[in-house]
Every structure is written in C-alpha cells, then in structure tokens.
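*Asks:* mmCIF, C-alpha atoms and all ligand atoms, file protein-v3.cif:
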```cif
data_work
#
loop_
_atom_site.label_atom_id
_atom_site.label_comp_id
_atom_site.auth_asym_id
_atom_site.auth_seq_id
_atom_site.Cartn_x
_atom_site.Cartn_y
_atom_site.Cartn_z
CA MET A 1 131.73 106.31 109.86
CA LYS A 2 130.57 104.05 107.08
CA ILE A 3 127.89 105.39 104.78
CA ALA A 4 126.00 103.13 102.39
CA VAL A 5 125.06 105.17 99.34
CA LEU A 6 121.96 103.94 97.50
CA PRO A 7 121.17 106.28 94.59
CA GLY A 8 118.16 104.33 93.27
CA ASP A 9 116.20 105.42 90.20
CA GLY A 10 115.13 108.44 88.17
CA ILE A 11 116.69 111.60 89.55
CA GLY A 12 118.14 109.56 92.45
CA PRO A 13 121.67 109.25 91.00
CA GLU A 14 121.86 112.98 90.10
CA ILE A 15 120.77 114.30 93.48
CA VAL A 16 122.83 111.77 95.42
CA ALA A 17 125.91 112.75 93.39
CA GLN A 18 125.53 116.31 94.76
CA ALA A 19 125.20 115.07 98.33
CA VAL A 20 128.29 112.89 97.80
CA LYS A 21 130.20 116.01 96.65
CA VAL A 22 129.30 117.59 99.98
CA LEU A 23 130.48 114.50 101.87
CA GLU A 24 133.71 114.44 99.86
CA ALA A 25 134.31 118.09 100.70
CA LEU A 26 133.86 117.28 104.38
CA ARG A 27 136.26 114.36 104.03
CA ALA A 28 138.85 116.57 102.37
CA ASP A 29 138.43 118.70 105.47
CA GLY A 30 139.23 115.82 107.80
CA ALA A 31 135.90 114.01 108.32
CA LYS A 32 136.51 110.27 108.75
CA ILE A 33 133.91 108.80 106.44
CA GLU A 34 133.84 105.89 104.05
CA MET A 35 131.25 105.56 101.31
CA GLU A 36 130.19 102.58 99.28
CA SER A 37 127.38 102.47 96.71
CA ALA A 38 124.85 99.77 95.88
CA PRO A 39 121.71 99.51 93.78
CA ILE A 40 118.18 99.62 95.17
CA GLY A 41 114.69 99.88 93.67
CA GLY A 42 114.48 99.52 89.91
CA ALA A 43 118.28 99.66 89.75
CA GLY A 44 118.37 96.69 92.15
CA TYR A 45 115.91 94.81 89.99
CA ASP A 46 117.98 95.55 86.86
CA ALA A 47 121.24 94.50 88.56
CA ALA A 48 120.11 91.49 90.58
CA GLY A 49 116.43 90.81 89.87
CA ASP A 50 115.47 92.13 93.30
CA PRO A 51 114.53 95.70 94.36
CA LEU A 52 116.56 95.08 97.54
CA PRO A 53 119.47 92.83 96.52
CA ASP A 54 121.06 90.80 99.35
CA ALA A 55 124.38 92.58 98.85
CA THR A 56 122.68 95.96 99.21
CA LEU A 57 120.94 94.95 102.42
CA LYS A 58 124.21 93.56 103.76
CA LEU A 59 126.02 96.81 103.00
CA ALA A 60 123.22 98.84 104.62
CA ARG A 61 123.26 96.64 107.74
CA ALA A 62 127.02 97.04 108.13
CA ALA A 63 126.90 100.82 107.64
CA ASP A 64 126.41 103.46 110.33
CA ALA A 65 124.09 105.41 108.07
CA VAL A 66 122.42 105.03 104.70
CA LEU A 67 122.02 107.79 102.12
CA LEU A 68 119.20 107.07 99.70
CA GLY A 69 118.07 108.91 96.57
CA ALA A 70 114.67 107.80 95.32
CA VAL A 71 113.10 104.70 93.80
CA GLY A 72 110.53 103.99 91.12
CA GLY A 73 109.94 104.31 87.40
CA VAL A 74 107.12 103.60 84.97
CA GLN A 75 109.07 100.75 83.37
CA TYR A 76 108.75 98.80 86.64
CA ASP A 77 105.04 99.43 87.26
CA THR A 78 103.95 96.23 85.52
CA LEU A 79 106.23 93.93 87.56
CA GLU A 80 104.64 91.73 90.20
CA ARG A 81 104.25 93.67 93.42
CA PRO A 82 107.18 92.04 95.36
CA LEU A 83 109.57 93.02 92.57
CA ARG A 84 108.54 96.65 92.33
CA PRO A 85 110.99 99.39 93.38
CA GLU A 86 108.73 100.67 96.22
CA ARG A 87 108.86 97.23 97.82
CA GLY A 88 112.66 97.55 98.05
CA LEU A 89 112.27 100.79 99.96
CA LEU A 90 109.60 99.42 102.30
CA ARG A 91 111.70 96.31 102.94
CA ILE A 92 114.89 98.17 103.82
CA ARG A 93 112.91 100.36 106.26
CA LYS A 94 111.46 97.23 107.86
CA GLU A 95 114.68 95.16 107.81
CA LEU A 96 116.66 97.94 109.48
CA ASN A 97 113.80 98.63 111.92
CA LEU A 98 113.68 102.30 110.98
CA PHE A 99 110.44 103.02 112.77
CA ALA A 100 110.77 106.76 113.36
CA ASN A 101 110.63 108.97 110.31
CA LEU A 102 111.45 112.63 110.89
CA ARG A 103 110.17 115.00 108.24
CA PRO A 104 110.87 118.66 108.99
CA ALA A 105 109.12 121.38 106.98
CA LEU A 106 110.98 124.62 107.21
CA LEU A 107 110.52 127.75 105.15
CA TYR A 108 113.58 129.69 104.07
CA PRO A 109 112.41 133.33 104.08
CA GLU A 110 113.60 133.87 100.49
CA LEU A 111 111.39 131.02 99.28
CA ALA A 112 108.13 132.41 100.66
CA GLY A 113 107.19 133.45 97.12
CA ALA A 114 107.74 129.91 95.79
CA SER A 115 105.07 128.44 98.07
CA SER A 116 101.59 128.12 96.65
CA LEU A 117 100.29 129.60 99.90
CA LYS A 118 100.27 133.29 100.81
CA PRO A 119 103.65 134.38 102.22
CA GLU A 120 102.07 135.50 105.53
CA VAL A 121 100.59 132.01 106.03
CA VAL A 122 103.97 130.28 105.69
CA ALA A 123 106.57 132.90 106.75
CA GLY A 124 108.56 131.59 109.72
CA LEU A 125 107.23 128.05 109.39
CA ASP A 126 109.17 125.40 111.33
CA LEU A 127 107.23 122.18 111.65
CA MET A 128 108.45 118.66 112.41
CA ILE A 129 106.36 115.67 111.41
CA VAL A 130 107.27 112.40 113.12
CA ARG A 131 105.83 109.59 111.02
CA GLU A 132 105.76 105.98 112.22
CA LEU A 133 107.40 104.04 109.39
CA THR A 134 107.32 100.27 109.88
CA GLY A 135 103.72 99.51 110.84
CA ASP A 136 100.13 100.44 109.97
CA VAL A 137 98.24 99.53 106.83
CA TYR A 138 101.61 99.48 104.98
CA PHE A 139 102.60 96.20 106.65
CA GLY A 140 99.46 94.85 108.40
CA GLN A 141 98.34 91.31 107.65
CA PRO A 142 96.16 90.01 106.11
CA ARG A 143 96.36 91.87 102.85
CA GLY A 144 95.55 90.92 99.29
CA ILE A 145 93.15 90.76 96.40
CA GLU A 146 90.85 87.73 96.24
CA VAL A 147 87.45 86.62 95.00
CA ARG A 148 84.60 86.74 97.49
CA ASN A 149 80.97 86.13 96.54
CA GLY A 150 81.87 86.12 92.87
CA GLU A 151 83.71 89.42 92.76
CA ARG A 152 87.23 90.61 93.52
CA VAL A 153 87.87 92.36 96.80
CA GLY A 154 91.03 94.21 97.81
CA PHE A 155 91.93 94.45 101.49
CA ASN A 156 94.63 95.70 103.85
CA THR A 157 94.85 95.75 107.59
CA MET A 158 95.45 98.85 109.67
CA LEU A 159 97.25 97.53 112.73
CA TYR A 160 99.35 99.02 115.52
CA SER A 161 100.59 97.23 118.61
CA GLU A 162 100.92 99.17 121.83
CA SER A 163 104.71 98.82 121.80
CA GLU A 164 104.93 100.18 118.25
CA VAL A 165 102.95 103.27 119.23
CA ARG A 166 104.87 103.70 122.46
CA ARG A 167 108.35 103.70 120.90
CA VAL A 168 107.47 106.29 118.24
CA ALA A 169 105.67 108.33 120.91
CA HIS A 170 108.91 108.51 122.92
CA VAL A 171 110.87 109.69 119.89
CA ALA A 172 108.23 112.35 119.17
CA PHE A 173 108.07 113.58 122.78
CA ASP A 174 111.89 113.73 122.93
CA ILE A 175 111.95 115.82 119.76
CA ALA A 176 109.14 118.08 121.01
CA MET A 177 111.19 118.63 124.21
CA LYS A 178 114.05 120.01 122.07
CA ARG A 179 111.68 122.20 120.06
CA GLY A 180 108.61 124.20 121.11
CA LYS A 181 107.34 121.57 123.60
CA ARG A 182 104.03 121.16 121.78
CA LEU A 183 103.10 117.80 120.28
CA CYS A 184 99.99 117.17 118.19
CA SER A 185 99.04 113.51 117.73
CA VAL A 186 97.11 112.97 114.51
CA GLU A 187 94.73 110.03 114.08
CA LYS A 188 91.16 109.10 113.18
CA SER A 189 89.89 107.81 116.50
CA ASN A 190 86.32 108.89 115.75
CA VAL A 191 86.16 106.00 113.25
CA LEU A 192 89.11 103.60 113.70
CA GLU A 193 89.87 101.32 116.67
CA CYS A 194 93.51 101.35 115.60
CA SER A 195 93.54 105.11 116.14
CA GLU A 196 91.66 104.77 119.43
CA LEU A 197 94.54 102.66 120.78
CA TRP A 198 97.07 105.09 119.28
CA LYS A 199 95.48 107.98 121.17
CA GLU A 200 95.32 106.05 124.46
CA VAL A 201 99.01 105.15 124.28
CA MET A 202 99.96 108.76 123.43
CA ILE A 203 98.12 109.93 126.55
CA GLU A 204 99.92 107.30 128.67
CA VAL A 205 103.37 108.25 127.34
CA ALA A 206 102.60 111.95 127.86
CA LYS A 207 102.77 111.32 131.63
CA ASP A 208 106.56 110.91 131.25
CA TYR A 209 106.81 114.34 129.62
CA PRO A 210 104.91 116.82 131.79
CA ALA A 211 106.72 119.73 130.09
CA VAL A 212 105.22 118.86 126.70
CA GLU A 213 101.70 120.00 125.84
CA LEU A 214 99.98 117.11 124.00
CA SER A 215 97.01 117.76 121.73
CA HIS A 216 94.98 115.45 119.48
CA MET A 217 93.60 116.06 116.02
CA TYR A 218 91.68 113.97 113.49
CA VAL A 219 93.63 113.52 110.29
CA ASP A 220 91.01 115.17 108.06
CA ASN A 221 91.09 118.28 110.20
CA ALA A 222 94.91 118.14 110.33
CA ALA A 223 95.03 118.10 106.50
CA MET A 224 92.90 121.24 106.50
CA GLN A 225 94.82 122.97 109.30
CA ILE A 226 98.20 122.32 107.63
CA ILE A 227 96.99 124.36 104.66
CA ARG A 228 94.90 126.89 106.63
CA ALA A 229 97.25 127.83 109.47
CA PRO A 230 100.38 125.66 109.48
CA LYS A 231 102.24 127.75 112.05
CA GLN A 232 99.91 126.53 114.82
CA PHE A 233 101.94 123.29 114.80
CA ASP A 234 105.32 122.64 116.40
CA THR A 235 105.79 118.85 116.35
CA MET A 236 103.30 116.34 114.95
CA VAL A 237 103.27 112.58 115.46
CA THR A 238 101.21 110.24 113.34
CA GLY A 239 100.97 106.78 111.81
CA ASN A 240 102.53 105.57 108.59
CA ILE A 241 99.80 106.30 106.03
CA PHE A 242 98.58 109.57 107.58
CA GLY A 243 102.20 110.73 107.83
CA ASP A 244 102.85 109.84 104.21
CA ILE A 245 99.98 112.06 103.10
CA LEU A 246 100.45 114.94 105.56
CA SER A 247 104.17 115.23 104.86
CA ASP A 248 103.55 115.68 101.13
CA ALA A 249 101.00 118.39 101.94
CA ALA A 250 103.44 120.04 104.36
CA SER A 251 106.17 120.03 101.73
CA MET A 252 104.28 122.59 99.65
CA LEU A 253 104.45 125.03 102.54
CA SER A 254 108.21 125.16 102.09
CA GLY A 255 107.95 126.11 98.43
CA SER A 256 108.85 122.77 96.90
CA ILE A 257 108.95 119.11 97.79
CA GLY A 258 112.53 119.38 96.48
CA MET A 259 113.52 121.13 99.71
CA LEU A 260 112.46 118.53 102.29
CA PRO A 261 114.92 116.04 103.79
CA SER A 262 114.07 113.15 106.08
CA ALA A 263 115.66 110.84 108.61
CA SER A 264 114.43 107.34 109.41
CA LEU A 265 115.83 106.08 112.69
CA ASP A 266 116.00 102.86 114.65
CA GLU A 267 116.25 102.84 118.44
CA HIS A 268 120.03 103.30 118.36
CA ASN A 269 119.89 106.32 116.05
CA LYS A 270 121.21 104.37 113.11
CA GLY A 271 119.49 106.06 110.23
CA MET A 272 118.57 106.15 106.61
CA TYR A 273 118.51 109.62 105.10
CA GLU A 274 116.52 110.51 102.02
CA PRO A 275 114.66 113.38 100.43
CA ILE A 276 110.91 112.97 100.86
CA HIS A 277 110.25 113.38 97.14
CA GLY A 278 110.16 110.58 94.58
CA SER A 279 112.23 109.63 91.55
CA ALA A 280 110.62 112.21 89.20
CA PRO A 281 111.10 110.18 85.99
CA ASP A 282 109.88 113.13 83.88
CA ILE A 283 113.01 115.17 84.66
CA ALA A 284 115.48 112.32 85.26
CA GLY A 285 118.84 112.59 83.50
CA LYS A 286 118.28 116.26 82.61
CA ASP A 287 120.39 117.77 85.42
CA MET A 288 117.36 119.82 86.49
CA ALA A 289 116.37 118.30 89.82
CA ASN A 290 116.71 120.10 93.14
CA PRO A 291 119.50 118.40 95.15
CA LEU A 292 118.90 120.46 98.31
CA ALA A 293 116.56 117.96 100.01
CA THR A 294 119.27 115.29 99.62
CA ILE A 295 122.03 117.62 100.81
CA LEU A 296 119.86 118.61 103.79
CA SER A 297 119.38 114.89 104.45
CA VAL A 298 123.17 114.67 104.91
CA ALA A 299 122.85 117.46 107.49
CA MET A 300 120.26 115.35 109.29
CA MET A 301 122.70 112.40 109.17
CA TYR A 302 125.27 114.50 111.01
CA ARG A 303 122.66 115.70 113.50
CA TYR A 304 120.99 112.40 114.37
CA THR A 305 123.40 109.54 113.64
CA PHE A 306 126.84 111.16 113.95
CA ALA A 307 125.69 113.55 116.72
CA ASP A 308 127.94 116.19 115.15
CA LEU A 309 125.72 119.24 115.42
CA ALA A 310 128.43 121.67 114.30
CA THR A 311 128.78 119.94 110.92
CA ALA A 312 125.00 119.65 110.60
CA ASP A 313 124.72 123.40 111.13
CA ARG A 314 127.56 123.99 108.71
CA ILE A 315 125.76 122.11 105.91
CA GLU A 316 122.44 123.82 106.66
CA ASN A 317 124.13 127.22 106.69
CA ALA A 318 125.74 126.48 103.32
CA VAL A 319 122.28 125.75 101.90
CA LYS A 320 120.90 128.95 103.43
CA LYS A 321 123.78 130.85 101.86
CA VAL A 322 123.21 129.57 98.31
CA ILE A 323 119.53 130.39 98.64
CA ALA A 324 120.33 133.86 99.94
CA GLU A 325 122.72 134.28 97.00
CA GLY A 326 119.82 133.64 94.63
CA TYR A 327 120.65 130.17 93.27
CA ARG A 328 117.43 128.33 92.33
CA THR A 329 116.62 125.08 90.58
CA GLY A 330 113.48 125.23 88.44
CA ASP A 331 111.09 124.09 91.16
CA ILE A 332 111.92 127.04 93.45
CA TRP A 333 112.73 129.62 90.80
CA THR A 334 110.95 132.97 90.98
CA GLU A 335 111.42 136.20 88.98
CA GLY A 336 114.72 137.90 89.76
CA THR A 337 116.62 134.81 90.88
CA GLN A 338 119.14 132.69 88.99
CA LYS A 339 117.97 129.39 87.53
CA VAL A 340 120.70 126.74 87.89
CA SER A 341 121.14 123.03 87.17
CA CYS A 342 121.26 120.27 89.74
CA SER A 343 125.05 119.98 89.50
CA THR A 344 125.62 123.76 89.63
CA MET A 345 123.51 123.87 92.79
CA GLY A 346 125.66 121.07 94.27
CA ASP A 347 128.86 122.96 93.39
CA ALA A 348 127.47 126.14 94.92
CA VAL A 349 126.73 124.36 98.20
CA VAL A 350 130.25 122.89 98.29
CA LYS A 351 131.69 126.35 97.70
CA ALA A 352 129.51 127.86 100.45
CA LEU A 353 130.59 125.05 102.78
C1 LIG A 401 107.50 108.20 100.94
C2 LIG A 401 107.04 107.51 99.69
C3 LIG A 401 106.98 106.01 99.93
C4 LIG A 401 105.96 105.75 101.01
C5 LIG A 401 106.67 105.17 98.66
C6 LIG A 401 107.63 105.47 97.54
C7 LIG A 401 106.63 103.70 98.98
O1 LIG A 401 105.83 108.05 99.27
O2 LIG A 401 108.62 107.90 101.41
O3 LIG A 401 106.75 109.03 101.47
O4 LIG A 401 104.76 105.63 100.74
O5 LIG A 401 106.36 105.67 102.17
MG MG A 402 105.16 109.73 100.38
#
```
As a first step, turn the structure in this file into structure tokens.

*Replies:*
Amino acid sequence: MKIAVLPGDGIGPEIVAQAVKVLEALRADGAKIEMESAPIGGAGYDAAGDPLPDATLKLARAADAVLLGAVGGVQYDTLERPLRPERGLLRIRKELNLFANLRPALLYPELAGASSLKPEVVAGLDLMIVRELTGDVYFGQPRGIEVRNGERVGFNTMLYSESEVRRVAHVAFDIAMKRGKRLCSVEKSNVLECSELWKEVMIEVAKDYPAVELSHMYVDNAAMQIIRAPKQFDTMVTGNIFGDILSDAASMLSGSIGMLPSASLDEHNKGMYEPIHGSAPDIAGKDMANPLATILSVAMMYRYTFADLATADRIENAVKKVIAEGYRTGDIWTEGTQKVSCSTMGDAVVKAL
C-alpha cells in the first residue's frame, strides 16, 4: 500500500510525524506500506508557488491513501484566493473525487470531564456524521464579488445535482446499516430549493434500505439538538457547508476537536485521512498539539481503504489504552491526569500498540 503523506502547515508536521511513527511501528511488524511526503497548503505555496503543487497531486493520485495534517496560516491570508492554503485542500478533495466525508464523534469515557457539556449528556456518545464534500456552495458556480448598481455584491451558489445527493446517500445508508440503522438527513428544505431536492432524493434512496429508519431535520434544529441531546443521533448525512459546521459543533462533545479523525472517500474507497481540526498556528512548533485525531485517522485508513479491521481496532485500542493510562495533551487535560507533549503522546501510542 502506498501512502502519500501531506503534513501541510502549522501543527500539521508535528501531528503527522506521530501518525507516521505509528505507521512505521506497523511496518516493523510486517505491514507492507510505503510512504512518501509532499507539500500542500502554505507549504505547497512556499515550495512551488501553488497550494496544491502538480507533483503533490500526482503523488496523491498514484497512492492508495493520503494522510493529511492541516493547512493554513495567517501569513497566507493576504494571498489571492486561488493561492491560499484552503484552496489546495478543496482542490485535492475535488480532484480525487472524495465526495463522502466521514466524521465520527465518539466519547472516550475518561474524557467526559473534558467536554464542555455535562457528562450525562455526552457519556456513551457514538455519532457518525457523513458530510458531502465536493459539491454545495463550496463549489457551485457562479461565485464572485462584483459591482452591481454601484455597490459590491458577494455571491455563491448552493447547488446539488441528483446524482451527487444519491451517491452520498448510498454511502450514508450503508454506514447506518453497519451501525444503529438510524439515519438523520439534515437540510434546510423549509427555505432552500437545493435542500428540497436533497430531501426528495434521500427519500427515494431510502427505498433500497428498508431496514434503516430515515428521519429529516432542519439544520438549525440539528445544531440545537447536537448540543441539547446528542445521543438521539446514530448516523447523520448532510451537505458540505452544513456538515462543516455541525462537525465542529459535534467535536466539542468528545472533549476536544483534537480527538476527531476523518475519512474522505471516493467510490472505490480510496481515501484521504485527516484530523478535522485546523493548523492551529498559535501552538505550532511547540510540541503541544494533540496527535490523537491524526493517529485515529490512520485507524480509519486501515478500516476503510485497506479493509484491515484488525489493525484498525489495534490502533484504536492503543489510543484507548493511553487515555486510560492518563496521558493527556493540554486540550484534554483535567485535574489528576498527566499532561504530555505531542511527541510523548505519539510515543505512548506506539508503545501501547
Ligand atoms: C474542514 C475545514 C475546511 C472546510 C477548510 C479548511 C477549507 O474547515 O475540513 O472542515 O471548510 O472544509
Ligand atoms: Mg471545518
């Protein structure tokens, strides 16, 4: 298996280095994996004047899976939009056709106290958000800023084709089948035609999955329910922008955004694996970041692309073990536990593995 390793910016290189340690430990144990690194985001711009250099895209295309850190940094915020780090990330998702983004939110019992919600609200949480990743207002045309009637207007287009909704619906129903068989489709069909179509297609696809109970919820209500009573949800499916927002909200249920991995899949289960958090420039280079979301992203790589569930479980169990042993990076630290650096956390996971 060939893995393209794209550390990116900010804390990206530090957290990816810990995930690479885990992969190297698996290789020492007999796993047949090859890794090759390339720059993306601001690092891509610095190296090649492009947030997604051609060589990086080529490497990612040739790989079976991509491991990504994070992109972005204040020093790039004044570049023209096509040169900004975020554009590199959006382009690689689009170029590789990674339309299904899986964002699980799981609470480790020991971290209940690290969540900003009451422990009883989050204890036992196990939620999967399936976010459509290559359509919606993120990519819809036309878009721009122009002068109309003597003033500037900014505009984007929220757009979904039937086939785009259908393919992510199938992924979501398949995942719901393997979980609690309850799927909640989140949209805003009381206001948006785009959501009206989304809902219609969800209902059509549901006919292929009689065992799954499909429900519908407006996104504003879903934002409230995720904070009020998150355990009512099993699997959620939603569009690109709503999923972006709801998955950040859901991350706080698990104690820290530093705990949440993600998988972005194409229709052949080729995937890009990345933590859902950003590049955290404020703590970059300080060996303080939480590498667990990135390490758990490697577990997802084994689960979804390599279809090696035993190794996926092994990585997840190693993470559970270090948490049970009391290792905590600053973001999940609570009284009575041991505060450790990013690299110490990585070493602890390798040892537990
Ligand atoms: C995410 C991020 C990205 C997104 C940004 C960095 C472009 O917030 O992966 O959730 O909006 O998709
Ligand atoms: Mg986001």

*Asks:* Counting only C-alpha atoms, what is within 8 Å of range 41-55 of chain A, bar same-chain residues fewer than 6 positions away, as a PyMOL selection string?

*Replies:* chain A and resi 8-9+71-73+76+83-89+91-92

*Asks:* Could you list, with a cut-off of 12 Å and counting all atoms listed in the file, the residues of chain A near ligand MG 402 (chain A), each shown with its nearest atom pair and the distance in Å rounded to one decimal, rows sorted by chain and ascending number, as CSV?

*Replies:*
```
residue,atom,partner,partner_atom,distance
A:Ala70,CA,A:MG402,MG,10.9
A:Val71,CA,A:MG402,MG,11.5
A:Glu86,CA,A:MG402,MG,10.6
A:Leu89,CA,A:MG402,MG,11.4
A:Leu90,CA,A:MG402,MG,11.4
A:Asn101,CA,A:MG402,MG,11.4
A:Arg103,CA,A:MG402,MG,10.7
A:Arg131,CA,A:MG402,MG,10.7
A:Leu133,CA,A:MG402,MG,10.9
A:Tyr138,CA,A:MG402,MG,11.8
A:Asn240,CA,A:MG402,MG,9.6
A:Ile241,CA,A:MG402,MG,8.5
A:Phe242,CA,A:MG402,MG,9.8
A:Gly243,CA,A:MG402,MG,8.1
A:Asp244,CA,A:MG402,MG,4.5
A:Ile245,CA,A:MG402,MG,6.3
A:Leu246,CA,A:MG402,MG,8.7
A:Ser247,CA,A:MG402,MG,7.2
A:Asp248,CA,A:MG402,MG,6.2
A:Ala249,CA,A:MG402,MG,9.7
A:Ala250,CA,A:MG402,MG,11.2
A:Ser251,CA,A:MG402,MG,10.4
A:Ile257,CA,A:MG402,MG,10.4
A:Leu260,CA,A:MG402,MG,11.6
A:Ser262,CA,A:MG402,MG,11.1
A:Glu274,CA,A:MG402,MG,11.5
A:Pro275,CA,A:MG402,MG,10.2
A:Ile276,CA,A:MG402,MG,6.6
A:His277,CA,A:MG402,MG,7.1
A:Gly278,CA,A:MG402,MG,7.7
A:Ser279,CA,A:MG402,MG,11.3
```

*Asks:* With all atoms listed in the file as the atoms that count, which of A:Glu162, A:Asp77, A:Asp64, A:Asp136 lies nearest to Phe306 in chain A?

*Replies:*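 Among the listed residues, the smallest separation from Phe306 in chain A belongs to A:Asp64.
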
*Asks:* Quick one: residues within 12 Å of Trp333 in chain A, all atoms listed in the file, excluding same-chain residues fewer than 6 positions away - as JSON, numbers by chain?

*Replies:* {"A": [110, 111, 112, 113, 114, 115, 255, 256, 258, 288, 289, 290, 323, 326, 327, 339, 340, 341]}

*Asks:* Could you tell me which of A:Leu107, A:Val171, A:Ala280, A:Leu292 comes closest to ligand LIG 401 (chain A) if we count only C-alpha atoms and all ligand atoms?

*Replies:*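 That would be A:Ala280, the residue with the smallest distance to ligand LIG 401 (chain A).
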
*Asks:* What is the distance between CA of Leu102 in chain A and CA of Met259 in chain A, in Å to one decimal?

*Replies:*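 Separating CA of Leu102 in chain A from CA of Met259 in chain A is a distance of 14.2 Å.
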
*Asks:* Hey, can you check how far CA of Met217 in chain A sits from CA of Val186 in chain A?

*Replies:*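 Value for the CA of Met217 in chain A-CA of Val186 in chain A distance: 4.9 Å.
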